[in-house]
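This is upload-v2.pdb. It holds PDB, C-alpha atoms, pLDDT in the B column.
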```
ATOM      1  CA  MET A 659       0.000   0.000   0.000  1.00 38.00           C
ATOM      2  CA  ARG A 660       1.440   3.305  -1.052  1.00 47.00           C
ATOM      3  CA  THR A 661       0.267   6.466   0.678  1.00 55.00           C
ATOM      4  CA  THR A 662      -0.427   9.375  -1.616  1.00 67.00           C
ATOM      5  CA  THR A 663       0.666  12.875  -0.643  1.00 67.00           C
ATOM      6  CA  ASN A 664      -2.988  13.915  -0.795  1.00 73.00           C
ATOM      7  CA  GLU A 665      -3.934  11.255   1.731  1.00 79.00           C
ATOM      8  CA  LEU A 666      -1.106  12.375   4.015  1.00 81.00           C
ATOM      9  CA  PHE A 667      -2.187  16.016   3.847  1.00 78.00           C
ATOM     10  CA  SER A 668      -5.842  15.246   4.497  1.00 83.00           C
ATOM     11  CA  THR A 669      -4.922  12.879   7.342  1.00 87.00           C
ATOM     12  CA  LEU A 670      -2.975  15.612   9.115  1.00 85.00           C
ATOM     13  CA  ALA A 671      -5.521  18.316   8.337  1.00 83.00           C
ATOM     14  CA  ASP A 672      -7.712  17.180  11.242  1.00 86.00           C
ATOM     15  CA  PRO A 673      -6.536  18.917  14.454  1.00 86.00           C
ATOM     16  CA  THR A 674      -7.556  16.073  16.780  1.00 89.00           C
ATOM     17  CA  ARG A 675      -5.827  13.490  14.615  1.00 91.00           C
ATOM     18  CA  ARG A 676      -2.739  15.669  14.343  1.00 89.00           C
ATOM     19  CA  ALA A 677      -2.678  16.125  18.126  1.00 89.00           C
ATOM     20  CA  ILE A 678      -2.800  12.345  18.602  1.00 92.00           C
ATOM     21  CA  PHE A 679       0.061  11.867  16.165  1.00 90.00           C
ATOM     22  CA  GLU A 680       2.157  14.628  17.765  1.00 86.00           C
ATOM     23  CA  ARG A 681       1.572  13.113  21.185  1.00 88.00           C
ATOM     24  CA  LEU A 682       2.789   9.722  19.967  1.00 89.00           C
ATOM     25  CA  CYS A 683       5.874  11.381  18.441  1.00 85.00           C
ATOM     26  CA  ARG A 684       6.632  13.216  21.657  1.00 83.00           C
ATOM     27  CA  ASP A 685       5.722  10.695  24.355  1.00 85.00           C
ATOM     28  CA  GLY A 686       6.286   7.355  22.616  1.00 88.00           C
ATOM     29  CA  GLU A 687       4.021   4.321  22.542  1.00 92.00           C
ATOM     30  CA  GLN A 688       0.565   4.678  24.120  1.00 93.00           C
ATOM     31  CA  THR A 689      -2.549   2.598  24.613  1.00 94.00           C
ATOM     32  CA  VAL A 690      -5.856   3.719  23.121  1.00 93.00           C
ATOM     33  CA  ARG A 691      -7.122   4.339  26.633  1.00 91.00           C
ATOM     34  CA  ALA A 692      -4.209   6.604  27.560  1.00 92.00           C
ATOM     35  CA  LEU A 693      -4.705   8.548  24.347  1.00 92.00           C
ATOM     36  CA  THR A 694      -8.441   8.858  24.974  1.00 92.00           C
ATOM     37  CA  ASP A 695      -7.876  10.302  28.451  1.00 87.00           C
ATOM     38  CA  ARG A 696      -6.053  13.247  26.899  1.00 81.00           C
ATOM     39  CA  ALA A 697      -7.776  13.659  23.556  1.00 78.00           C
ATOM     40  CA  GLY A 698     -11.076  15.139  24.767  1.00 82.00           C
ATOM     41  CA  VAL A 699     -13.086  12.833  22.492  1.00 87.00           C
ATOM     42  CA  SER A 700     -14.613   9.351  22.943  1.00 93.00           C
ATOM     43  CA  GLN A 701     -12.623   6.141  22.680  1.00 92.00           C
ATOM     44  CA  PRO A 702     -14.396   5.055  19.450  1.00 94.00           C
ATOM     45  CA  ALA A 703     -13.482   8.444  17.935  1.00 94.00           C
ATOM     46  CA  VAL A 704      -9.831   8.039  18.983  1.00 95.00           C
ATOM     47  CA  SER A 705      -9.813   4.496  17.531  1.00 94.00           C
ATOM     48  CA  LYS A 706     -11.205   5.824  14.279  1.00 95.00           C
ATOM     49  CA  HIS A 707      -8.516   8.549  14.096  1.00 95.00           C
ATOM     50  CA  LEU A 708      -5.847   5.935  14.822  1.00 96.00           C
ATOM     51  CA  GLY A 709      -7.220   3.816  11.978  1.00 96.00           C
ATOM     52  CA  VAL A 710      -6.847   6.723   9.550  1.00 95.00           C
ATOM     53  CA  LEU A 711      -3.316   7.460  10.818  1.00 95.00           C
ATOM     54  CA  LYS A 712      -2.419   3.791  10.426  1.00 95.00           C
ATOM     55  CA  HIS A 713      -3.765   3.696   6.879  1.00 93.00           C
ATOM     56  CA  ALA A 714      -1.632   6.744   6.036  1.00 91.00           C
ATOM     57  CA  GLY A 715       1.456   4.965   7.386  1.00 91.00           C
ATOM     58  CA  LEU A 716       1.900   7.390  10.291  1.00 92.00           C
ATOM     59  CA  VAL A 717       1.322   4.970  13.194  1.00 94.00           C
ATOM     60  CA  ARG A 718       1.840   1.278  13.918  1.00 94.00           C
ATOM     61  CA  ASP A 719      -0.195  -0.875  16.308  1.00 95.00           C
ATOM     62  CA  ARG A 720       0.782  -3.756  18.562  1.00 95.00           C
ATOM     63  CA  ARG A 721      -1.600  -5.933  20.574  1.00 93.00           C
ATOM     64  CA  VAL A 722      -0.682  -6.826  24.137  1.00 91.00           C
ATOM     65  CA  GLY A 723      -3.393  -8.917  25.763  1.00 91.00           C
ATOM     66  CA  ARG A 724      -6.612  -6.942  25.544  1.00 89.00           C
ATOM     67  CA  GLN A 725      -4.874  -3.613  24.897  1.00 90.00           C
ATOM     68  CA  THR A 726      -3.688  -2.183  21.606  1.00 92.00           C
ATOM     69  CA  HIS A 727      -0.575  -0.027  21.805  1.00 95.00           C
ATOM     70  CA  TYR A 728       0.130   2.599  19.154  1.00 95.00           C
ATOM     71  CA  SER A 729       3.447   4.192  18.217  1.00 93.00           C
ATOM     72  CA  ALA A 730       4.376   6.927  15.721  1.00 90.00           C
ATOM     73  CA  GLN A 731       5.985   6.137  12.371  1.00 86.00           C
ATOM     74  CA  PRO A 732       7.610   9.503  11.571  1.00 78.00           C
ATOM     75  CA  GLN A 733       9.133   8.181   8.346  1.00 76.00           C
ATOM     76  CA  GLY A 734       5.557   8.330   7.024  1.00 81.00           C
ATOM     77  CA  LEU A 735       6.091  12.111   6.833  1.00 78.00           C
ATOM     78  CA  VAL A 736       8.758  11.874   4.146  1.00 71.00           C
ATOM     79  CA  PRO A 737       6.431  12.844   1.236  1.00 70.00           C
ATOM     80  CA  LEU A 738       5.507  16.027   3.142  1.00 69.00           C
ATOM     81  CA  ILE A 739       9.138  16.909   3.791  1.00 65.00           C
ATOM     82  CA  ASP A 740       9.910  16.338   0.105  1.00 63.00           C
ATOM     83  CA  TRP A 741       7.124  18.731  -0.783  1.00 60.00           C
ATOM     84  CA  MET A 742       8.528  21.479   1.478  1.00 59.00           C
ATOM     85  CA  SER A 743      11.983  21.082  -0.016  1.00 61.00           C
ATOM     86  CA  LEU A 744      10.607  21.971  -3.460  1.00 62.00           C
ATOM     87  CA  TYR A 745      11.295  25.655  -2.853  1.00 66.00           C
ATOM     88  CA  GLY A 746      14.872  24.821  -1.910  1.00 70.00           C
ATOM     89  CA  SER A 747      15.246  22.980  -5.219  1.00 71.00           C
ATOM     90  CA  PHE A 748      13.678  25.901  -7.054  1.00 77.00           C
ATOM     91  CA  TRP A 749      16.322  28.321  -5.780  1.00 83.00           C
ATOM     92  CA  ARG A 750      19.241  25.937  -6.220  1.00 80.00           C
ATOM     93  CA  GLU A 751      18.294  25.446  -9.847  1.00 81.00           C
ATOM     94  CA  HIS A 752      18.073  29.202 -10.394  1.00 88.00           C
ATOM     95  CA  PHE A 753      21.402  29.753  -8.613  1.00 89.00           C
ATOM     96  CA  ASP A 754      22.951  27.462 -11.228  1.00 89.00           C
ATOM     97  CA  ARG A 755      21.431  29.572 -13.983  1.00 90.00           C
ATOM     98  CA  LEU A 756      22.638  32.786 -12.301  1.00 94.00           C
ATOM     99  CA  GLU A 757      26.200  31.416 -12.221  1.00 92.00           C
ATOM    100  CA  ALA A 758      25.993  30.420 -15.880  1.00 92.00           C
ATOM    101  CA  LEU A 759      24.874  33.963 -16.731  1.00 94.00           C
ATOM    102  CA  LEU A 760      27.696  35.516 -14.668  1.00 93.00           C
ATOM    103  CA  ASN A 761      30.214  33.374 -16.511  1.00 92.00           C
ATOM    104  CA  ARG A 762      28.814  34.596 -19.834  1.00 92.00           C
ATOM    105  CA  MET A 763      28.993  38.238 -18.592  1.00 90.00           C
ATOM    106  CA  ASP A 764      32.672  37.658 -17.817  1.00 77.00           C
ATOM    107  CA  GLN A 765      33.505  37.018 -21.486  1.00 72.00           C
TER     108      GLN A 765
ATOM    109  CA  MET B 832      -1.845  21.676  20.904  1.00 37.00           C
ATOM    110  CA  THR B 833      -4.191  22.902  18.232  1.00 38.00           C
ATOM    111  CA  LYS B 834      -3.142  26.548  18.642  1.00 40.00           C
ATOM    112  CA  SER B 835       0.384  27.852  18.927  1.00 42.00           C
ATOM    113  CA  ALA B 836       2.324  31.013  18.168  1.00 47.00           C
ATOM    114  CA  THR B 837       2.931  31.710  14.504  1.00 54.00           C
ATOM    115  CA  ILE B 838       6.184  30.152  13.406  1.00 57.00           C
ATOM    116  CA  THR B 839       7.668  30.907  10.030  1.00 66.00           C
ATOM    117  CA  ARG B 840      10.188  28.966   8.046  1.00 69.00           C
ATOM    118  CA  SER B 841      12.895  30.187   5.702  1.00 75.00           C
ATOM    119  CA  VAL B 842      14.671  28.758   2.723  1.00 76.00           C
ATOM    120  CA  ILE B 843      18.319  29.884   2.704  1.00 81.00           C
ATOM    121  CA  ILE B 844      20.776  29.269  -0.102  1.00 82.00           C
ATOM    122  CA  GLU B 845      24.384  30.480   0.071  1.00 86.00           C
ATOM    123  CA  ARG B 846      26.998  30.131  -2.602  1.00 86.00           C
ATOM    124  CA  GLU B 847      30.403  31.723  -3.106  1.00 88.00           C
ATOM    125  CA  MET B 848      30.875  32.920  -6.685  1.00 88.00           C
ATOM    126  CA  PRO B 849      34.170  33.925  -8.300  1.00 88.00           C
ATOM    127  CA  HIS B 850      32.834  37.234  -9.585  1.00 88.00           C
ATOM    128  CA  PRO B 851      32.992  40.857  -8.392  1.00 90.00           C
ATOM    129  CA  PRO B 852      29.933  41.930  -6.333  1.00 92.00           C
ATOM    130  CA  GLU B 853      29.103  44.600  -8.933  1.00 92.00           C
ATOM    131  CA  ARG B 854      28.567  41.957 -11.624  1.00 91.00           C
ATOM    132  CA  VAL B 855      26.316  39.866  -9.401  1.00 92.00           C
ATOM    133  CA  TRP B 856      24.416  43.018  -8.463  1.00 93.00           C
ATOM    134  CA  ARG B 857      23.725  43.718 -12.145  1.00 92.00           C
ATOM    135  CA  ALA B 858      22.426  40.184 -12.653  1.00 93.00           C
ATOM    136  CA  LEU B 859      20.132  40.633  -9.658  1.00 93.00           C
ATOM    137  CA  THR B 860      18.776  44.066 -10.602  1.00 94.00           C
ATOM    138  CA  GLN B 861      18.622  44.455 -14.395  1.00 93.00           C
ATOM    139  CA  GLY B 862      15.316  43.163 -15.733  1.00 94.00           C
ATOM    140  CA  VAL B 863      16.722  41.631 -18.913  1.00 91.00           C
ATOM    141  CA  LEU B 864      19.439  39.829 -16.961  1.00 91.00           C
ATOM    142  CA  ILE B 865      16.997  38.662 -14.254  1.00 92.00           C
ATOM    143  CA  GLU B 866      14.861  37.114 -16.970  1.00 90.00           C
ATOM    144  CA  GLU B 867      17.849  35.104 -18.189  1.00 88.00           C
ATOM    145  CA  TRP B 868      18.280  33.231 -14.919  1.00 90.00           C
ATOM    146  CA  LEU B 869      14.962  33.600 -13.070  1.00 89.00           C
ATOM    147  CA  MET B 870      11.727  34.737 -14.743  1.00 89.00           C
ATOM    148  CA  LYS B 871      10.158  37.387 -16.936  1.00 94.00           C
ATOM    149  CA  ASN B 872       9.687  40.537 -14.855  1.00 96.00           C
ATOM    150  CA  ASP B 873       9.168  44.298 -14.739  1.00 98.00           C
ATOM    151  CA  PHE B 874      11.592  44.849 -11.869  1.00 98.00           C
ATOM    152  CA  GLN B 875      13.087  48.271 -11.131  1.00 98.00           C
ATOM    153  CA  PRO B 876      15.681  48.774  -8.375  1.00 97.00           C
ATOM    154  CA  VAL B 877      13.532  51.393  -6.640  1.00 98.00           C
ATOM    155  CA  VAL B 878      12.177  50.955  -3.105  1.00 97.00           C
ATOM    156  CA  GLY B 879       8.383  50.779  -3.225  1.00 98.00           C
ATOM    157  CA  HIS B 880       8.243  49.663  -6.884  1.00 98.00           C
ATOM    158  CA  ARG B 881       5.598  46.980  -7.463  1.00 98.00           C
ATOM    159  CA  PHE B 882       6.340  44.307 -10.034  1.00 98.00           C
ATOM    160  CA  ASN B 883       5.594  40.741 -11.104  1.00 97.00           C
ATOM    161  CA  PHE B 884       7.558  37.670 -11.953  1.00 93.00           C
ATOM    162  CA  ARG B 885       5.840  35.639 -14.651  1.00 93.00           C
ATOM    163  CA  ALA B 886       6.332  31.996 -15.506  1.00 84.00           C
ATOM    164  CA  THR B 887       4.317  29.349 -17.326  1.00 78.00           C
ATOM    165  CA  PRO B 888       1.222  28.500 -15.211  1.00 74.00           C
ATOM    166  CA  MET B 889       1.202  25.090 -13.545  1.00 64.00           C
ATOM    167  CA  PRO B 890      -1.437  23.088 -11.656  1.00 56.00           C
ATOM    168  CA  HIS B 891      -2.112  24.956  -8.384  1.00 59.00           C
ATOM    169  CA  TRP B 892      -0.025  27.934  -9.525  1.00 67.00           C
ATOM    170  CA  ASN B 893      -1.124  30.734 -11.870  1.00 81.00           C
ATOM    171  CA  GLY B 894       2.517  31.499 -12.721  1.00 82.00           C
ATOM    172  CA  VAL B 895       2.460  35.078 -11.441  1.00 90.00           C
ATOM    173  CA  VAL B 896       4.321  36.313  -8.341  1.00 90.00           C
ATOM    174  CA  ASP B 897       3.295  39.671  -6.821  1.00 94.00           C
ATOM    175  CA  CYS B 898       6.309  41.624  -5.568  1.00 97.00           C
ATOM    176  CA  GLN B 899       7.313  44.969  -4.129  1.00 97.00           C
ATOM    177  CA  VAL B 900      10.864  46.241  -3.691  1.00 98.00           C
ATOM    178  CA  LEU B 901      11.641  46.631   0.028  1.00 97.00           C
ATOM    179  CA  ALA B 902      15.370  47.472   0.144  1.00 98.00           C
ATOM    180  CA  VAL B 903      18.053  48.444  -2.364  1.00 98.00           C
ATOM    181  CA  GLU B 904      21.656  48.861  -1.174  1.00 98.00           C
ATOM    182  CA  PRO B 905      23.801  48.706  -4.323  1.00 97.00           C
ATOM    183  CA  ASP B 906      26.301  45.842  -4.431  1.00 96.00           C
ATOM    184  CA  ARG B 907      25.242  44.734  -0.952  1.00 97.00           C
ATOM    185  CA  ARG B 908      21.613  43.993  -0.279  1.00 98.00           C
ATOM    186  CA  LEU B 909      18.341  43.638  -2.198  1.00 97.00           C
ATOM    187  CA  SER B 910      14.990  42.684  -0.749  1.00 98.00           C
ATOM    188  CA  TYR B 911      11.524  42.244  -2.216  1.00 97.00           C
ATOM    189  CA  SER B 912       8.243  40.687  -1.185  1.00 95.00           C
ATOM    190  CA  TRP B 913       7.296  37.439  -2.982  1.00 90.00           C
ATOM    191  CA  ASN B 914       3.568  36.812  -2.717  1.00 89.00           C
ATOM    192  CA  ALA B 915       0.889  34.719  -4.361  1.00 83.00           C
ATOM    193  CA  SER B 916      -1.230  36.723  -6.803  1.00 88.00           C
ATOM    194  CA  GLY B 917      -4.770  36.989  -8.112  1.00 87.00           C
ATOM    195  CA  GLU B 918      -7.271  34.479  -6.738  1.00 80.00           C
ATOM    196  CA  GLU B 919      -4.412  32.682  -4.987  1.00 73.00           C
ATOM    197  CA  ALA B 920      -3.404  35.803  -3.008  1.00 78.00           C
ATOM    198  CA  ALA B 921      -5.910  35.362  -0.161  1.00 72.00           C
ATOM    199  CA  GLY B 922      -4.388  32.881   2.262  1.00 63.00           C
ATOM    200  CA  GLY B 923      -1.576  32.176  -0.191  1.00 69.00           C
ATOM    201  CA  LEU B 924       2.163  32.523  -0.074  1.00 76.00           C
ATOM    202  CA  LYS B 925       3.400  35.730   1.610  1.00 83.00           C
ATOM    203  CA  THR B 926       7.158  35.722   1.777  1.00 85.00           C
ATOM    204  CA  VAL B 927      10.151  38.043   1.528  1.00 91.00           C
ATOM    205  CA  VAL B 928      13.227  37.333  -0.589  1.00 91.00           C
ATOM    206  CA  THR B 929      16.447  38.983   0.557  1.00 94.00           C
ATOM    207  CA  TRP B 930      19.735  38.872  -1.337  1.00 94.00           C
ATOM    208  CA  THR B 931      22.918  39.695   0.540  1.00 95.00           C
ATOM    209  CA  LEU B 932      26.323  40.058  -1.156  1.00 95.00           C
ATOM    210  CA  THR B 933      29.432  39.774   1.003  1.00 96.00           C
ATOM    211  CA  PRO B 934      32.852  40.245  -0.656  1.00 96.00           C
ATOM    212  CA  THR B 935      35.250  37.365  -0.122  1.00 95.00           C
ATOM    213  CA  ARG B 936      38.898  36.825  -1.071  1.00 94.00           C
ATOM    214  CA  GLY B 937      37.875  34.944  -4.214  1.00 90.00           C
ATOM    215  CA  GLY B 938      34.766  36.863  -5.207  1.00 91.00           C
ATOM    216  CA  VAL B 939      31.468  37.208  -3.409  1.00 91.00           C
ATOM    217  CA  LEU B 940      29.282  35.185  -1.087  1.00 92.00           C
ATOM    218  CA  VAL B 941      25.739  35.259  -2.482  1.00 91.00           C
ATOM    219  CA  ARG B 942      23.065  34.572   0.107  1.00 91.00           C
ATOM    220  CA  MET B 943      19.352  34.240  -0.676  1.00 89.00           C
ATOM    221  CA  GLU B 944      16.846  33.979   2.125  1.00 88.00           C
ATOM    222  CA  GLN B 945      13.163  33.490   1.417  1.00 84.00           C
ATOM    223  CA  SER B 946      11.414  33.992   4.736  1.00 83.00           C
ATOM    224  CA  GLY B 947       7.860  33.944   5.995  1.00 80.00           C
ATOM    225  CA  PHE B 948       6.583  30.493   5.047  1.00 71.00           C
ATOM    226  CA  ARG B 949       3.872  30.428   7.693  1.00 63.00           C
ATOM    227  CA  THR B 950       2.898  27.426   9.728  1.00 48.00           C
ATOM    228  CA  GLU B 951      -0.645  28.415  10.542  1.00 38.00           C
ATOM    229  CA  ASP B 952      -3.664  30.422   9.438  1.00 34.00           C
ATOM    230  CA  GLU B 953      -3.147  29.334   5.852  1.00 39.00           C
ATOM    231  CA  THR B 954      -5.890  27.188   4.472  1.00 34.00           C
ATOM    232  CA  ASN B 955      -5.103  27.739   0.854  1.00 33.00           C
ATOM    233  CA  TYR B 956      -1.436  27.316   0.080  1.00 39.00           C
ATOM    234  CA  GLN B 957      -0.928  27.581  -3.682  1.00 38.00           C
ATOM    235  CA  GLY B 958      -4.497  26.561  -4.290  1.00 32.00           C
ATOM    236  CA  ALA B 959      -4.313  23.322  -2.351  1.00 33.00           C
ATOM    237  CA  ASN B 960      -7.014  23.449   0.271  1.00 30.00           C
ATOM    238  CA  TYR B 961      -5.415  21.442   3.051  1.00 32.00           C
ATOM    239  CA  GLY B 962      -5.391  22.627   6.656  1.00 29.00           C
ATOM    240  CA  TRP B 963      -2.074  21.026   7.389  1.00 35.00           C
ATOM    241  CA  GLN B 964       0.261  24.034   7.350  1.00 36.00           C
ATOM    242  CA  ARG B 965       0.133  24.438  11.116  1.00 35.00           C
ATOM    243  CA  TYR B 966       1.837  21.155  11.295  1.00 37.00           C
ATOM    244  CA  ILE B 967       4.977  22.170   9.439  1.00 38.00           C
ATOM    245  CA  GLY B 968       6.579  23.776  12.502  1.00 39.00           C
ATOM    246  CA  GLY B 969       6.958  20.384  14.109  1.00 39.00           C
ATOM    247  CA  LEU B 970       8.172  18.744  10.923  1.00 41.00           C
ATOM    248  CA  GLU B 971      11.829  19.565  11.238  1.00 40.00           C
ATOM    249  CA  ARG B 972      11.870  18.353  14.826  1.00 41.00           C
ATOM    250  CA  VAL B 973      10.304  15.087  13.746  1.00 42.00           C
ATOM    251  CA  ALA B 974      12.460  14.846  10.632  1.00 41.00           C
ATOM    252  CA  ALA B 975      15.549  15.293  12.805  1.00 42.00           C
ATOM    253  CA  GLY B 976      14.453  12.171  14.658  1.00 44.00           C
ATOM    254  CA  LEU B 977      14.560  10.152  11.456  1.00 42.00           C
ATOM    255  CA  GLY B 978      18.348  10.046  11.768  1.00 37.00           C
TER     256      GLY B 978
END
```

Can you give me the file's structure in the form of structure tokens?
Amino acid sequence: MRTTTNELFSTLADPTRRAIFERLCRDGEQTVRALTDRAGVSQPAVSKHLGVLKHAGLVRDRRVGRQTHYSAQPQGLVPLIDWMSLYGSFWREHFDRLEALLNRMDQ
Amino acid sequence: MTKSATITRSVIIEREMPHPPERVWRALTQGVLIEEWLMKNDFQPVVGHRFNFRATPMPHWNGVVDCQVLAVEPDRRLSYSWNASGEEAAGGLKTVVTWTLTPTRGGVLVRMEQSGFRTEDETNYQGANYGWQRYIGGLERVAAGLG
């Protein structure tokens, strides 16, 4: 399953979902119950958000007895980071063209 | 967690070039020369002058950048705003591009900083209606953890 950039953006567009993901990044692995206690929404809602995050490749789950533990998968953010670096590429490419022009002006 | 202070991001490119600062300054400030390495434009090196860069339109970009000259210090520093235009202006890109030339032994250090990429309150970045921009501030922190 390959996550599209669109899916990644829409997954992180929801503030509650983003807060859950940030909490997992910051505090490490958590149970659904622990996440629910802090999320301000019901456990089914948290489970649903976790399902979307999992589908987007941003979290991983692990069952221990009757509890499911979730942890962040920050490498799922790579398409977003690539997108932000586009402007860096834009300027690097134009720097090359500026240098080529300066070399021509030298002649 | 859903609301934080506005954080902006910059893109910075630095490169030392074996040319006198005056030559680089000309390439940065003469419209015909700017077009050769960047885009079509109606730039004038006059503080307050409003101008556009124009490129071929692309999906989610109309190809026009709205600009205004903010600072002109010959051979040293040039700054202009770099904003989304037209229907994309509202909630779109609002940045500042600053060029700084510092003489070095072998030529000049050319530094370009594009600042003001905002992390929140933008729901329409280059036409893409995603509410994710707020998230970008934490991206570098998380990316750093990727090792």

Atomic separation - atom CA of A:Gln733 relative to atom CA of A:Ala703, Å: 24.6 Å

Selection: 10 Å around B:Gly917, only C-alpha atoms, excl. self and same-chain fewer than 3 positions, as a PyMOL selection string: chain B and resi 893+895-897+914+920-921+923

The PyMOL selection byres ((chain A) within 8 of (chain B)) resolved against shown file, as a ChimeraX atom specification: /A:667-668,670-674,676-677,683,732-733,735,739,745-746,749-750,752-753,755-757,759-760,763

One-decimal distance in Å that lies between atom CA of A:Val717 and atom CA of A:Thr689: 12.3 Å

Could you put an axis-aligned box around every listed atom of stretch 666-672 of chain A, padded by 8 Å on each side, and send me its centre and edge lengths in Å to one decimal, as lines of an AutoDock Vina configuration file?
```
center_x = -4.4
center_y = 15.3
center_z = 7.5
size_x = 22.6
size_y = 21.9
size_z = 23.4
```

Would you list the contacts of B:Trp856 as a short mmCIF file (atom, residue, chain, number, x, y, z; two decimals) with C-alpha atoms, in the frame of the given file, taking every protein, DNA or RNA residue within 10 Å and counting all atoms listed in the file, but skipping same-chain residues closer than 2 positions in sequence?
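Now in out_32.cif:
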```cif
data_model
loop_
_atom_site.label_atom_id
_atom_site.label_comp_id
_atom_site.auth_asym_id
_atom_site.auth_seq_id
_atom_site.Cartn_x
_atom_site.Cartn_y
_atom_site.Cartn_z
CA PRO B 851 32.99 40.86 -8.39
CA PRO B 852 29.93 41.93 -6.33
CA GLU B 853 29.10 44.60 -8.93
CA ARG B 854 28.57 41.96 -11.62
CA ALA B 858 22.43 40.18 -12.65
CA LEU B 859 20.13 40.63 -9.66
CA THR B 860 18.78 44.07 -10.60
CA GLN B 861 18.62 44.46 -14.40
CA GLU B 904 21.66 48.86 -1.17
CA PRO B 905 23.80 48.71 -4.32
CA ASP B 906 26.30 45.84 -4.43
CA ARG B 907 25.24 44.73 -0.95
CA ARG B 908 21.61 43.99 -0.28
CA LEU B 909 18.34 43.64 -2.20
CA TRP B 930 19.74 38.87 -1.34
CA THR B 931 22.92 39.70 0.54
CA LEU B 932 26.32 40.06 -1.16
CA VAL B 941 25.74 35.26 -2.48
#
```

Cut-off 12 Å around (-9.4, 12.9, 16.6) with only C-alpha atoms: residues as JSON, numbers by chain: {"A": [669, 670, 671, 672, 673, 674, 675, 676, 677, 678, 679, 680, 681, 690, 693, 694, 696, 697, 698, 699, 700, 701, 702, 703, 704, 705, 706, 707, 708, 709, 710, 711], "B": [833]}
